[in-house]
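Have a look at upload-v8.txt; it's compact mmCIF, C-alpha atoms:
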# COMPACT_ATOMS: atom_id res chain seq x y z
CA MET A 230 -3.64 23.95 43.43
CA PRO A 231 -7.06 24.15 41.76
CA PRO A 232 -9.64 21.65 43.07
CA GLU A 233 -9.96 20.01 39.64
CA ALA A 234 -6.18 19.38 39.55
CA THR A 235 -6.35 17.71 42.97
CA SER A 236 -9.18 15.43 41.83
CA LEU A 237 -7.15 14.30 38.83
CA ARG A 238 -4.00 13.65 40.85
CA LEU A 239 -3.13 9.94 40.84
CA THR A 240 -0.32 8.48 42.91
CA LEU A 241 1.34 5.11 42.53
CA ALA A 242 -0.57 3.90 45.56
CA GLY A 243 -3.83 5.00 44.00
CA ALA A 244 -2.93 3.47 40.65
CA LEU A 245 -2.04 0.18 42.35
CA ALA A 246 -5.31 0.14 44.27
CA ARG A 247 -7.36 0.88 41.13
CA ALA A 248 -5.55 -1.72 39.06
CA THR A 249 -5.77 -4.40 41.75
CA HIS A 250 -9.49 -3.81 42.15
CA ARG A 251 -10.12 -4.01 38.39
CA LEU A 252 -8.14 -7.21 37.96
CA ALA A 253 -9.79 -8.82 41.00
CA GLU A 254 -13.15 -7.82 39.57
CA ALA A 255 -12.17 -9.59 36.33
CA GLY A 256 -11.51 -12.78 38.29
CA LEU A 257 -7.73 -13.00 37.87
CA ALA A 258 -5.96 -15.23 40.36
CA THR A 259 -3.17 -12.79 41.35
CA PRO A 260 -4.58 -9.28 40.83
CA ARG A 261 -2.14 -7.35 43.04
CA ARG A 262 0.92 -9.13 41.70
CA ASP A 263 -0.22 -8.55 38.12
CA ALA A 264 -0.97 -4.91 38.87
CA ILE A 265 2.49 -4.34 40.34
CA ARG A 266 4.11 -5.99 37.31
CA ILE A 267 2.15 -3.84 34.86
CA LEU A 268 2.88 -0.60 36.70
CA ALA A 269 6.56 -1.44 37.16
CA ASP A 270 7.19 -2.48 33.56
CA LEU A 271 5.23 0.31 31.91
CA LEU A 272 6.60 3.03 34.20
CA ASP A 273 10.14 1.59 34.06
CA LEU A 274 10.33 1.20 37.83
CA ALA A 275 11.44 -1.55 40.16
CA PRO A 276 8.45 -3.51 41.52
CA ALA A 277 9.35 -2.48 45.07
CA SER A 278 9.11 1.19 44.07
CA ILE A 279 5.43 0.78 43.26
CA VAL A 280 4.81 0.11 46.94
CA ILE A 281 7.59 2.10 48.61
CA ASP A 282 7.13 5.27 46.55
CA GLY A 283 3.34 5.25 46.79
CA ASP A 284 3.09 9.05 46.99
CA ARG A 285 4.76 9.51 43.61
CA VAL A 286 2.39 11.10 41.09
CA VAL A 287 1.56 9.35 37.82
CA GLU A 288 1.45 11.76 34.88
CA PRO A 289 -1.97 12.01 33.14
CA GLU A 290 -0.69 10.62 29.83
CA ARG A 291 0.83 7.62 31.66
CA ARG A 292 -2.47 7.11 33.47
CA ARG A 293 -4.32 6.57 30.19
CA TRP A 294 -1.60 4.18 29.05
CA LEU A 295 -1.86 2.20 32.27
CA ASP A 296 -5.64 2.05 32.10
CA ARG A 297 -5.47 0.52 28.62
CA ALA A 298 -2.96 -2.06 29.80
CA ILE A 299 -5.08 -3.00 32.80
CA GLU A 300 -8.12 -3.50 30.58
CA ARG A 301 -6.13 -5.75 28.26
CA ARG A 302 -5.05 -7.89 31.22
CA ALA A 303 -8.60 -7.92 32.60
CA ALA A 304 -9.77 -9.28 29.24
CA GLY A 305 -7.40 -12.25 29.62
CA GLU A 306 -4.39 -11.19 27.55
CA PRO A 307 -1.15 -12.73 28.89
CA LEU A 308 0.74 -10.46 31.24
CA ALA A 309 3.93 -10.55 29.16
CA TYR A 310 2.08 -9.37 26.06
CA VAL A 311 0.43 -6.57 28.05
CA THR A 312 3.74 -5.24 29.37
CA GLY A 313 5.74 -6.22 26.29
CA LEU A 314 8.51 -7.67 28.46
CA ALA A 315 9.52 -11.10 29.76
CA GLY A 316 12.46 -12.20 31.86
CA PHE A 317 14.51 -15.18 30.70
CA ARG A 318 17.49 -16.20 32.80
CA ARG A 319 19.67 -13.05 33.00
CA LEU A 320 17.88 -11.26 30.17
CA VAL A 321 14.79 -9.05 29.82
CA LEU A 322 13.33 -9.49 26.34
CA ARG A 323 10.68 -7.83 24.23
CA VAL A 324 7.69 -10.06 23.62
CA ASP A 325 4.52 -9.75 21.59
CA ARG A 326 2.11 -11.94 19.68
CA ARG A 327 4.66 -12.67 16.95
CA ALA A 328 6.25 -15.37 19.12
CA LEU A 329 5.64 -17.69 22.06
CA ILE A 330 6.21 -16.20 25.52
CA PRO A 331 9.43 -17.66 27.03
CA ARG A 332 8.68 -20.20 29.79
CA PRO A 333 10.67 -21.01 32.93
CA GLU A 334 10.90 -24.65 31.79
CA THR A 335 12.91 -23.58 28.78
CA GLU A 336 15.53 -22.05 31.05
CA GLY A 337 16.32 -25.62 32.13
CA LEU A 338 17.00 -26.57 28.53
CA VAL A 339 19.65 -23.85 28.39
CA ASP A 340 21.28 -25.31 31.52
CA ARG A 341 21.63 -28.68 29.83
CA ILE A 342 23.17 -27.28 26.67
CA LEU A 343 25.66 -25.24 28.68
CA ALA A 344 26.61 -28.36 30.65
CA ARG A 345 26.97 -30.68 27.64
CA CYS A 346 28.22 -28.26 24.97
CA PRO A 347 29.53 -25.01 26.54
CA ASN A 348 31.47 -23.79 23.50
CA GLY A 349 31.88 -24.21 19.76
CA SER A 350 28.90 -23.39 17.55
CA VAL A 351 25.22 -23.89 18.31
CA ALA A 352 21.97 -23.38 16.39
CA ASP A 353 18.59 -22.62 17.95
CA VAL A 354 15.82 -23.88 15.64
CA GLY A 355 12.46 -22.11 15.88
CA THR A 356 14.06 -19.30 17.83
CA GLY A 357 10.87 -17.21 18.39
CA THR A 358 11.84 -14.35 20.68
CA GLY A 359 15.46 -15.49 20.44
CA CYS A 360 15.49 -16.36 24.15
CA ILE A 361 17.50 -19.60 23.89
CA ALA A 362 20.02 -18.28 21.38
CA LEU A 363 20.56 -15.05 23.32
CA ALA A 364 20.90 -16.83 26.67
CA LEU A 365 23.48 -19.20 25.18
CA ARG A 366 25.44 -16.28 23.73
CA ASP A 367 25.19 -14.47 27.06
CA GLU A 368 26.35 -17.37 29.24
CA GLY A 369 28.36 -19.70 27.00
CA GLY A 370 31.75 -19.51 25.35
CA TYR A 371 30.52 -20.05 21.79
CA ARG A 372 32.34 -18.79 18.75
CA GLN A 373 28.99 -18.57 16.96
CA VAL A 374 25.30 -18.78 17.88
CA THR A 375 22.67 -18.94 15.15
CA GLY A 376 18.90 -18.54 15.53
CA VAL A 377 16.54 -19.69 12.78
CA ASP A 378 12.80 -19.31 12.35
CA ARG A 379 10.45 -19.78 9.42
CA SER A 380 8.32 -16.83 10.55
CA PRO A 381 9.72 -13.48 9.33
CA GLU A 382 7.70 -11.74 12.05
CA ALA A 383 9.21 -13.86 14.82
CA LEU A 384 12.68 -13.48 13.35
CA ALA A 385 12.28 -9.69 13.34
CA LEU A 386 11.37 -9.86 17.05
CA ALA A 387 14.42 -12.01 17.77
CA ALA A 388 16.65 -9.54 15.93
CA GLN A 389 15.11 -6.71 17.96
CA ASN A 390 16.02 -8.58 21.13
CA GLY A 391 19.52 -9.07 19.80
CA ARG A 392 19.88 -5.32 19.41
CA ARG A 393 18.26 -4.72 22.79
CA THR A 394 20.69 -6.98 24.61
CA GLY A 395 23.73 -6.19 22.48
CA LEU A 396 24.44 -9.92 22.08
CA PRO A 397 25.76 -10.98 18.66
CA VAL A 398 23.62 -13.79 17.22
CA ARG A 399 23.28 -14.65 13.53
CA TRP A 400 19.59 -14.66 12.57
CA VAL A 401 18.52 -16.84 9.64
CA ARG A 402 15.12 -17.35 8.06
CA GLY A 403 14.37 -20.96 7.23
CA ASP A 404 12.28 -24.03 7.98
CA LEU A 405 14.15 -26.19 10.51
CA THR A 406 17.80 -26.30 9.38
CA THR A 407 17.23 -25.48 5.70
CA GLY A 408 18.58 -21.95 6.13
CA PHE A 409 21.99 -23.13 7.29
CA GLY A 410 23.34 -24.28 3.94
CA ASP A 411 26.41 -26.44 4.49
CA ALA A 412 27.04 -25.16 8.03
CA VAL A 413 27.70 -27.82 10.67
CA PHE A 414 27.18 -27.19 14.38
CA ASP A 415 28.37 -28.68 17.63
CA ALA A 416 24.78 -28.62 18.87
CA VAL A 417 21.28 -28.06 17.57
CA VAL A 418 18.73 -27.04 20.18
CA ALA A 419 15.01 -26.42 19.89
CA ASN A 420 11.81 -25.89 21.80
CA PRO A 421 9.62 -27.18 18.97
CA PRO A 422 5.81 -27.22 18.92
CA TYR A 423 4.71 -30.34 20.85
CA VAL A 424 1.03 -29.89 21.68
CA SER A 425 -1.35 -32.33 19.99
CA SER A 426 -4.36 -31.09 18.03
CA GLN A 427 -6.73 -32.25 20.77
CA GLU A 428 -4.60 -30.74 23.54
CA TYR A 429 -4.50 -27.44 21.69
CA LEU A 430 -8.28 -27.14 21.82
CA ALA A 431 -8.17 -27.68 25.59
CA LEU A 432 -5.48 -25.08 26.30
CA ASP A 433 -6.25 -22.20 28.62
CA PRO A 434 -7.76 -19.34 26.58
CA SER A 435 -4.94 -17.04 27.72
CA VAL A 436 -2.61 -19.27 25.70
CA ARG A 437 -4.85 -20.55 22.90
CA ASP A 438 -6.39 -17.19 22.02
CA TYR A 439 -3.22 -15.12 22.07
CA GLU A 440 -0.04 -17.08 21.43
CA PRO A 441 0.83 -18.21 17.87
CA ARG A 442 -0.72 -21.57 17.06
CA GLN A 443 2.19 -22.63 14.85
CA ALA A 444 4.52 -22.39 17.86
CA LEU A 445 2.30 -24.71 19.92
CA GLU A 446 0.44 -27.31 17.87
CA SER A 447 2.26 -30.17 16.17
CA GLY A 448 -0.19 -32.53 14.55
CA PRO A 449 -2.58 -35.20 15.87
CA ALA A 450 -0.01 -36.76 18.21
CA GLY A 451 2.00 -33.63 18.99
CA LEU A 452 5.11 -35.21 17.46
CA ASP A 453 5.26 -33.87 13.91
CA ALA A 454 7.80 -31.10 14.52
CA SER A 455 10.06 -33.23 16.73
CA ALA A 456 10.05 -36.05 14.18
CA ARG A 457 10.97 -33.72 11.31
CA LEU A 458 13.66 -32.02 13.36
CA ALA A 459 15.24 -35.30 14.48
CA VAL A 460 15.78 -36.21 10.83
CA ASP A 461 16.61 -32.74 9.54
CA ALA A 462 19.10 -31.82 12.28
CA TRP A 463 21.22 -34.89 11.54
CA ARG A 464 22.96 -33.21 8.61
CA ALA A 465 23.53 -30.00 10.57
CA VAL A 466 25.34 -31.56 13.55
CA ARG A 467 28.96 -32.72 13.48
CA PRO A 468 29.81 -36.31 14.50
CA GLY A 469 29.82 -36.43 18.28
CA GLY A 470 27.55 -33.36 18.42
CA LEU A 471 24.40 -32.79 20.45
CA LEU A 472 20.67 -32.60 19.80
CA ALA A 473 18.72 -30.99 22.66
CA LEU A 474 14.93 -30.68 22.66
CA GLU A 475 12.23 -29.53 25.00
CA ILE A 476 9.49 -32.16 24.86
CA ALA A 477 5.93 -32.85 25.98
CA GLU A 478 5.81 -34.43 29.42
CA GLN A 479 3.02 -36.71 28.16
CA ARG A 480 5.17 -38.28 25.43
CA PRO A 481 8.80 -38.81 26.54
CA ARG A 482 9.00 -42.44 25.39
CA GLU A 483 7.44 -41.72 21.99
CA THR A 484 9.75 -38.77 21.42
CA ALA A 485 12.83 -40.75 22.45
CA GLU A 486 11.85 -43.55 20.06
CA LEU A 487 11.47 -41.28 17.03
CA VAL A 488 14.82 -39.61 17.79
CA ALA A 489 16.52 -43.01 18.05
CA ARG A 490 14.92 -44.12 14.78
CA ALA A 491 16.45 -41.05 13.11
CA GLY A 492 19.90 -42.41 14.01
CA TRP A 493 20.73 -40.54 17.22
CA SER A 494 22.48 -42.40 20.05
CA GLU A 495 22.71 -42.02 23.82
CA VAL A 496 19.15 -40.70 23.92
CA VAL A 497 18.29 -39.58 27.45
CA ILE A 498 15.27 -37.87 29.01
CA GLU A 499 15.77 -35.48 31.91
CA GLU A 500 13.22 -33.92 34.26
CA ASP A 501 12.46 -30.28 34.96
CA LEU A 502 12.34 -28.73 38.42
CA PHE A 503 8.84 -30.11 38.96
CA GLY A 504 9.89 -33.70 38.24
CA ARG A 505 8.29 -33.81 34.79
CA PRO A 506 10.09 -35.40 31.81
CA ARG A 507 10.89 -32.27 29.84
CA TYR A 508 14.26 -32.45 28.06
CA LEU A 509 15.68 -34.86 25.48
CA LEU A 510 19.40 -35.06 24.80
CA ALA A 511 20.97 -37.19 22.09
CA THR A 512 24.35 -37.62 20.41
CA LYS A 513 25.38 -38.11 16.81
CA ARG A 514 27.78 -41.03 17.02
CA ASN A 515 31.23 -40.51 15.52
CA ASP A 516 30.91 -43.58 13.31
CA LYS A 517 27.63 -42.42 11.71
Could you render the structure as structure tokens?
Amino acid sequence: MPPEATSLRLTLAGALARATHRLAEAGLATPRRDAIRILADLLDLAPASIVIDGDRVVEPERRRWLDRAIERRAAGEPLAYVTGLAGFRRLVLRVDRRALIPRPETEGLVDRILARCPNGSVADVGTGTGCIALALRDEGGYRQVTGVDRSPEALALAAQNGRRTGLPVRWVRGDLTTGFGDAVFDAVVANPPYVSSQEYLALDPSVRDYEPRQALESGPAGLDASARLAVDAWRAVRPGGLLALEIAEQRPRETAELVARAGWSEVVIEEDLFGRPRYLLATKRNDK
């Protein structure tokens, strides 16, 4: 092998060492873990393979691709946007700046819907990547799952994830439930924007500078979207049906009050795995 070919030879072990060093140099908290994730996702390998198969050679064209990704992460771009992938429950979804990155907390919202309304028809309002709608279709016994978003860009991403997973979800463009027409659902679920205007300014730059503002901020008190949805979803849920929301941990009482004022009954707040008030569940009474 010519000397110049040897000098250009890069193994997985070498790529991992280079990437870890660059990310540590940039001040990231978990440089090796981030480096393994980037290499694994972009090379379509299991994370363990990055370490176990360290002698495997990285092709030159892949090396340039990896270097660009590492620089994006070093500049502060969220890891999921760098790799273009995010795990959500049993699914691996495409993600980019068209929609909010799925969070582990939102997986708990899916658990609650599956427990309270495991079948029938359900609508996911503000679907973004489609993570909630697709997880419900994947794990529930629903005859129909609908995802709606007012952003055509986000809706296109959700549809792409539908094709990627092979899960049949009906995608509808609309603001809140306006795209549903006369359809009535057994449950309406949403992870609406719930960050106040002041809180938005204080968000970590990795969130504030990259993720879509309209999916995060919700007015001066962080309640605008939840208040609108509580009223709007009433007509789209059958009597006895469910409203399920992810909410701001700072405002559980205020959110519960606005939902009750909109006519919903049996309003309860449940905590996430970290003991934070995170989920609101409410019922449309049969006599309403």
Practice task
Would you mind reading off the distance between CA of Pro434 in chain A and CA of Gly448 in chain A, one decimal, in Å?
Solution key: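 That distance, rounded to one decimal, is 19.4 Å.
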Handout entry: Selection near range 436-443 of chain A, 8 Å with all atoms listed in the file, sequence-local residues under 2 positions removed, as a list in words
Key = Glu306, Pro307, Arg326, Arg327, Ala328, Leu329, Ile330, Pro422, Tyr429, Leu430, Leu432, Asp433, Pro434, Leu445, Glu446 and Ser447 of chain A
Exercise for the section: Quick one: everything within 9 Å of Glu288 in chain A, counting all atoms listed in the file, minus sequence neighbours fewer than 4 positions away in the same chain. Send it as a list in words. Expected result: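 My reading of the contact set: Arg238, Leu239, Thr240 and Arg292 of chain A.
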Can I get the selection written as a compact mmCIF listing (two decimals), keeping the file's coordinate frame, with C-alpha atoms?
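See selection_12.txt below for the written result:
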# COMPACT_ATOMS: atom_id res chain seq x y z
CA ARG A 238 -4.00 13.65 40.85
CA LEU A 239 -3.13 9.94 40.84
CA THR A 240 -0.32 8.48 42.91
CA ARG A 292 -2.47 7.11 33.47
Practice task
In Å, rounded to a single decimal, give me how far CA of Leu268 in chain A is from CA of Val311 in chain A.
Solution key: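 Distance between the two atoms: 10.8 Å.
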Practice task
Compile the contact shell of Val401 in chain A as an NGL selection string: residues with an atom at most 8 Å away, counting all atoms listed in the file, same-chain residues fewer than 4 positions apart removed.
Solution key: :A and (375-378 or 384 or 408-409)
Exercise for the section: Might you pull out every residue within 8 Å of Ala465 in chain A, with only C-alpha atoms counted and same-chain residues fewer than 5 positions away left off, and present them as a PyMOL selection string? Expected result: chain A and resi 406+409+411-414+417
For C-alpha atoms, I'd like the residues from the last selection saved as a PDB file, keeping the file's coordinate frame.
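Final file, out26.pdb:
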ATOM      1  CA  THR A 406      17.800 -26.300   9.380  1.00  0.00           C
ATOM      2  CA  PHE A 409      21.990 -23.130   7.290  1.00  0.00           C
ATOM      3  CA  ASP A 411      26.410 -26.440   4.490  1.00  0.00           C
ATOM      4  CA  ALA A 412      27.040 -25.160   8.030  1.00  0.00           C
ATOM      5  CA  VAL A 413      27.700 -27.820  10.670  1.00  0.00           C
ATOM      6  CA  PHE A 414      27.180 -27.190  14.380  1.00  0.00           C
ATOM      7  CA  VAL A 417      21.280 -28.060  17.570  1.00  0.00           C
TER       8      VAL A 417
END
Problem - Top pick for closest residue to Val280 in chain A, considering A:Val321, A:Leu458, A:Leu241, A:Leu405 and counting only C-alpha atoms - result: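 Result for the nearest residue to Val280 in chain A: A:Leu241.
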Hey, could you make a per-residue contact list for range 328-424 of chain A against range 490-513 of chain A with 8 Å as the cut-off, showing the nearest pair of atoms and its distance in Å to one decimal, counting all atoms listed in the file, sorted by chain and number, as a tab-separated table?
residue	atom	partner	partner_atom	distance
A:Glu334	CA	A:Asp501	CA	6.6
A:Gly337	CA	A:Asp501	CA	6.7
A:Leu338	CA	A:Tyr508	CA	6.5
Exercise for the section: May I ask for the distance between CA of Ala485 in chain A and CA of Gly355 in chain A, given in Å to one decimal place? Expected result: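 Interatomic distance here is 19.8 Å.
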Practice task
Fewer than 4 positions away in the same chain doesn't count, so skip those; otherwise give me all residues within 10 Å of Leu343 in chain A, counting all atoms listed in the file, as a list of chain:residue names.
Solution key: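 What passes the distance filter is A:Gly337, A:Leu338, A:Val339, A:Pro347, A:Asn348, A:Ala364, A:Leu365, A:Glu368, A:Gly369, A:Gly370, A:Tyr371.
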